[in-house]
>>> print(open('data_8.cif').read())   # mmCIF, C-alpha atoms
data_query
loop_
_atom_site.label_atom_id
_atom_site.label_comp_id
_atom_site.auth_asym_id
_atom_site.auth_seq_id
_atom_site.Cartn_x
_atom_site.Cartn_y
_atom_site.Cartn_z
CA MET A 1 169.06 -64.14 -123.30
CA ILE A 2 167.26 -67.01 -125.00
CA PRO A 3 168.18 -67.34 -128.69
CA LYS A 4 165.48 -67.10 -131.33
CA MET A 5 164.41 -70.35 -132.93
CA ARG A 6 166.35 -70.96 -136.12
CA ARG A 7 163.48 -72.78 -137.83
CA HIS A 8 160.89 -70.20 -136.85
CA LYS A 9 158.29 -71.58 -139.29
CA GLN A 10 158.09 -74.65 -137.06
CA GLN A 11 157.43 -72.59 -133.93
CA LEU A 12 154.14 -73.38 -132.23
CA PRO A 13 151.73 -70.58 -131.31
CA ALA A 14 151.73 -69.53 -127.64
CA ASP A 15 148.26 -70.97 -126.95
CA GLU A 16 149.33 -74.40 -128.23
CA CYS A 17 152.45 -74.29 -126.06
CA GLU A 18 150.34 -73.58 -123.00
CA ALA A 19 147.88 -76.36 -123.90
CA ILE A 20 150.78 -78.81 -124.14
CA LEU A 21 152.12 -77.69 -120.75
CA ARG A 22 148.70 -78.12 -119.16
CA ALA A 23 148.16 -81.60 -120.64
CA ALA A 24 151.63 -83.17 -120.40
CA THR A 25 152.01 -85.78 -117.69
CA TYR A 26 155.74 -85.33 -117.20
CA GLY A 27 158.64 -83.17 -118.24
CA VAL A 28 162.40 -83.07 -117.83
CA LEU A 29 163.74 -80.31 -115.62
CA GLY A 30 167.16 -79.10 -116.69
CA THR A 31 169.36 -77.29 -114.18
CA GLY A 32 172.94 -76.12 -114.00
CA GLY A 33 173.54 -78.92 -111.54
CA THR A 34 176.19 -78.80 -108.84
CA ASN A 35 179.95 -78.54 -109.09
CA GLY A 36 179.68 -77.68 -112.77
CA ILE A 37 177.93 -80.95 -113.65
CA PRO A 38 174.56 -80.39 -115.40
CA TYR A 39 171.52 -82.14 -113.94
CA ALA A 40 168.25 -83.03 -115.66
CA VAL A 41 165.49 -85.02 -114.02
CA PRO A 42 162.11 -86.29 -115.27
CA LEU A 43 159.26 -85.23 -113.02
CA SER A 44 155.57 -84.49 -112.62
CA PHE A 45 154.48 -80.86 -112.70
CA ALA A 46 151.49 -78.57 -112.93
CA TYR A 47 151.37 -75.44 -115.08
CA LEU A 48 149.18 -72.52 -114.11
CA SER A 49 148.77 -69.95 -116.86
CA THR A 50 148.66 -66.24 -116.19
CA SER A 51 148.67 -65.04 -119.81
CA ASP A 52 149.53 -61.38 -120.17
CA LYS A 53 147.11 -60.39 -122.93
CA ALA A 54 148.65 -56.90 -123.17
CA ALA A 55 152.09 -58.31 -123.96
CA GLY A 56 150.60 -61.07 -126.10
CA ALA A 57 152.91 -63.63 -124.53
CA PRO A 58 152.24 -66.50 -122.16
CA THR A 59 153.51 -66.24 -118.65
CA GLY A 60 152.78 -68.54 -115.80
CA ARG A 61 154.06 -70.65 -113.03
CA ILE A 62 155.06 -74.28 -112.90
CA TYR A 63 154.76 -76.19 -109.64
CA LEU A 64 156.53 -79.39 -108.70
CA HIS A 65 157.15 -81.16 -105.44
CA CYS A 66 159.97 -83.15 -103.93
CA ALA A 67 161.54 -84.19 -100.66
CA THR A 68 162.93 -81.46 -98.43
CA THR A 69 166.53 -82.43 -99.25
CA GLY A 70 168.28 -83.78 -102.32
CA HIS A 71 170.31 -83.08 -105.42
CA LYS A 72 167.54 -81.13 -107.17
CA LEU A 73 167.35 -78.64 -104.32
CA ASP A 74 171.14 -78.41 -104.12
CA ALA A 75 171.28 -77.65 -107.86
CA LEU A 76 168.56 -74.99 -107.60
CA ALA A 77 170.32 -73.36 -104.65
CA GLU A 78 173.48 -73.12 -106.74
CA ASN A 79 171.67 -71.74 -109.82
CA PRO A 80 167.90 -71.13 -109.92
CA ARG A 81 167.74 -70.77 -113.72
CA VAL A 82 165.98 -73.78 -115.22
CA CYS A 83 164.35 -75.17 -118.32
CA LEU A 84 161.45 -77.63 -118.32
CA THR A 85 161.15 -79.64 -121.54
CA VAL A 86 158.01 -81.52 -122.52
CA VAL A 87 157.60 -83.81 -125.53
CA ALA A 88 153.91 -83.92 -126.36
CA GLN A 89 154.15 -86.14 -129.39
CA SER A 90 156.87 -88.21 -131.04
CA GLU A 91 156.15 -90.57 -133.91
CA PRO A 92 159.09 -91.77 -136.00
CA VAL A 93 158.62 -91.70 -139.79
CA PRO A 94 161.38 -94.14 -140.81
CA GLU A 95 160.79 -93.95 -144.56
CA LYS A 96 161.46 -90.19 -144.44
CA LEU A 97 164.18 -90.33 -141.76
CA THR A 98 162.25 -87.89 -139.62
CA ASP A 99 159.90 -87.65 -136.67
CA ARG A 100 156.42 -86.16 -136.24
CA PHE A 101 156.91 -84.31 -132.98
CA ARG A 102 155.68 -81.46 -130.86
CA SER A 103 157.67 -80.19 -127.92
CA VAL A 104 157.68 -77.23 -125.55
CA MET A 105 160.39 -75.63 -123.45
CA ALA A 106 159.62 -73.31 -120.53
CA PHE A 107 162.45 -71.19 -119.14
CA GLY A 108 162.45 -69.42 -115.81
CA ASN A 109 163.73 -69.13 -112.29
CA ALA A 110 162.94 -71.76 -109.69
CA ARG A 111 162.41 -71.05 -106.03
CA VAL A 112 161.38 -73.01 -102.97
CA VAL A 113 157.90 -71.92 -101.97
CA GLU A 114 157.94 -70.63 -98.40
CA ASP A 115 154.43 -69.15 -98.22
CA GLU A 116 152.03 -71.83 -96.92
CA ASP A 117 149.10 -70.60 -99.04
CA GLU A 118 151.16 -70.76 -102.23
CA LYS A 119 152.57 -74.13 -101.22
CA CYS A 120 149.01 -75.42 -100.83
CA LEU A 121 148.07 -73.86 -104.20
CA GLY A 122 150.91 -75.73 -105.89
CA LEU A 123 150.03 -79.04 -104.24
CA VAL A 124 146.34 -78.65 -105.10
CA ALA A 125 147.29 -77.88 -108.74
CA LEU A 126 149.34 -81.08 -108.83
CA GLY A 127 146.55 -83.05 -107.19
CA ASP A 128 143.92 -81.68 -109.57
CA LYS A 129 146.10 -82.64 -112.53
CA TYR A 130 147.06 -86.15 -111.46
CA ALA A 131 143.95 -87.10 -109.46
CA PRO A 132 141.12 -85.20 -111.18
CA GLY A 133 137.76 -85.32 -109.49
CA MET A 134 139.25 -86.58 -106.22
CA PRO A 135 139.56 -83.42 -104.08
CA GLU A 136 138.99 -85.25 -100.79
CA VAL A 137 141.86 -87.66 -101.47
CA VAL A 138 144.12 -84.80 -102.59
CA ASN A 139 143.30 -82.63 -99.57
CA GLU A 140 143.85 -85.53 -97.17
CA GLU A 141 147.24 -86.30 -98.75
CA ILE A 142 148.27 -82.64 -98.61
CA ALA A 143 147.26 -82.38 -94.94
CA SER A 144 149.22 -85.50 -93.98
CA THR A 145 152.41 -84.84 -95.99
CA MET A 146 152.77 -81.05 -96.33
CA HIS A 147 155.21 -80.87 -93.40
CA ARG A 148 157.66 -83.16 -95.23
CA THR A 149 157.08 -81.93 -98.77
CA CYS A 150 158.97 -79.20 -100.57
CA VAL A 151 157.15 -77.28 -103.30
CA ILE A 152 159.15 -75.58 -106.02
CA ALA A 153 157.70 -72.82 -108.17
CA ILE A 154 159.18 -71.92 -111.51
CA ASP A 155 158.32 -68.37 -112.46
CA VAL A 156 158.14 -68.75 -116.23
CA GLN A 157 159.88 -66.06 -118.26
CA HIS A 158 159.77 -67.59 -121.74
CA ILE A 159 157.93 -70.45 -123.45
CA THR A 160 158.69 -71.80 -126.88
CA GLY A 161 157.38 -74.79 -128.80
CA LYS A 162 158.26 -76.54 -132.00
CA GLU A 163 156.71 -79.09 -134.30
CA GLY A 164 158.35 -81.33 -136.87
CA LEU A 165 158.23 -80.51 -140.56
CA GLU A 166 155.80 -83.36 -141.26
CA LEU A 167 153.25 -81.90 -138.84
CA LEU A 168 153.82 -78.39 -140.16
CA ARG A 169 153.14 -79.60 -143.69
CA GLU A 170 149.93 -81.29 -142.54
CA ARG A 171 148.84 -78.10 -140.78
CA THR A 172 149.43 -75.87 -143.81
CA ASN A 173 147.91 -78.23 -146.43
#
>>> encode(input="data_8.cif", output="structure tokens")
Amino acid sequence: MIPKMRRHKQQLPADECEAILRAATYGVLGTGGTNGIPYAVPLSFAYLSTSDKAAGAPTGRIYLHCATTGHKLDALAENPRVCLTVVAQSEPVPEKLTDRFRSVMAFGNARVVEDEDEKCLGLVALGDKYAPGMPEVVNEEIASTMHRTCVIAIDVQHITGKEGLELLRERTN
């Protein structure tokens, strides 16, 4: 179970968390690692929202890609529970010994995508994010590298975001 945020007044609304996940250019994927040694790696990702309006909470899927072998895949095979952390803003305020920040954490279970249609969906989502307006280039790259590319999907179970006190004060004033 994911603990509730201690400083709940600083918690970002769900729609802002999702906006940060859609816009962020990289995040850090935290895993349980292998042999009891934690592993966290910065990477590119694409977030596809599937908000459950009835539950009032964001849900979605995060796609990332990698080689077909490596430490990340070994760690996920050992324990598929992950956390992706994104820092959307960080501006030190030295005179107040604080930081103006916004960050989001998405928790879920990671899996290697086996279905070719979903694999293509994940790669297109990544291509659309990092090469917007260039579908021909993205499709050509997918066609030529899909056989040697692994796509990982993180089925998001919980998203939380936080902003620094300075930003909260600005928002409420």
>>> closest_residue(input="data_8.cif", among="A:Thr31, A:Leu165, A:Leu121, A:Glu18", to="Thr98 (chain A)", atoms="all atoms listed in the file")
A:Leu165
>>> resolve_selection(input="data_8.cif", expression="the PyMOL selection byres ((chain A and resi 20-23) around 9)", output="ChimeraX atom specification")
/A:15-19,24-25,27,45-49,86-88,102-106,129
>>> residues_around(input="data_8.cif", residues="Leu12 (chain A)", least_positions_apart="2", cutoff="8 Å", atoms="all atoms listed in the file", output="PyMOL selection string")
chain A and resi 10+14+16-17+160-163
>>> residues_around(input="data_8.cif", residues="region 148-156 of chain A", least_positions_apart="6", cutoff="9 Å", atoms="only C-alpha atoms", output="PyMOL selection string")
chain A and resi 58-69+73+80-82+106-114+118-120+122-123+142
>>> atom_distance(input="data_8.cif", atom1="CA of Ile2 (chain A)", atom2="CA of Cys83 (chain A)")
10.9 Å
>>> closest_residue(input="data_8.cif", among="A:Thr50, A:Phe101, A:His147, A:Ile159", to="Glu116 (chain A)", atoms="all atoms listed in the file")
A:His147
>>> resolve_selection(input="data_8.cif", expression="the PyMOL selection byres ((chain A and resi 99) around 10)", output="ChimeraX atom specification")
/A:89-94,96-98,100-102,163-167
>>> atom_distance(input="data_8.cif", atom1="CA of Thr145 (chain A)", atom2="CA of Asn79 (chain A)")
27.1 Å
>>> closest_residue(input="data_8.cif", among="A:Asn173, A:His71, A:Asp128, A:Met146", to="Asn35 (chain A)", atoms="only C-alpha atoms")
A:His71
>>> atom_distance(input="data_8.cif", atom1="CA of Leu84 (chain A)", atom2="CA of Glu170 (chain A)")
27.1 Å
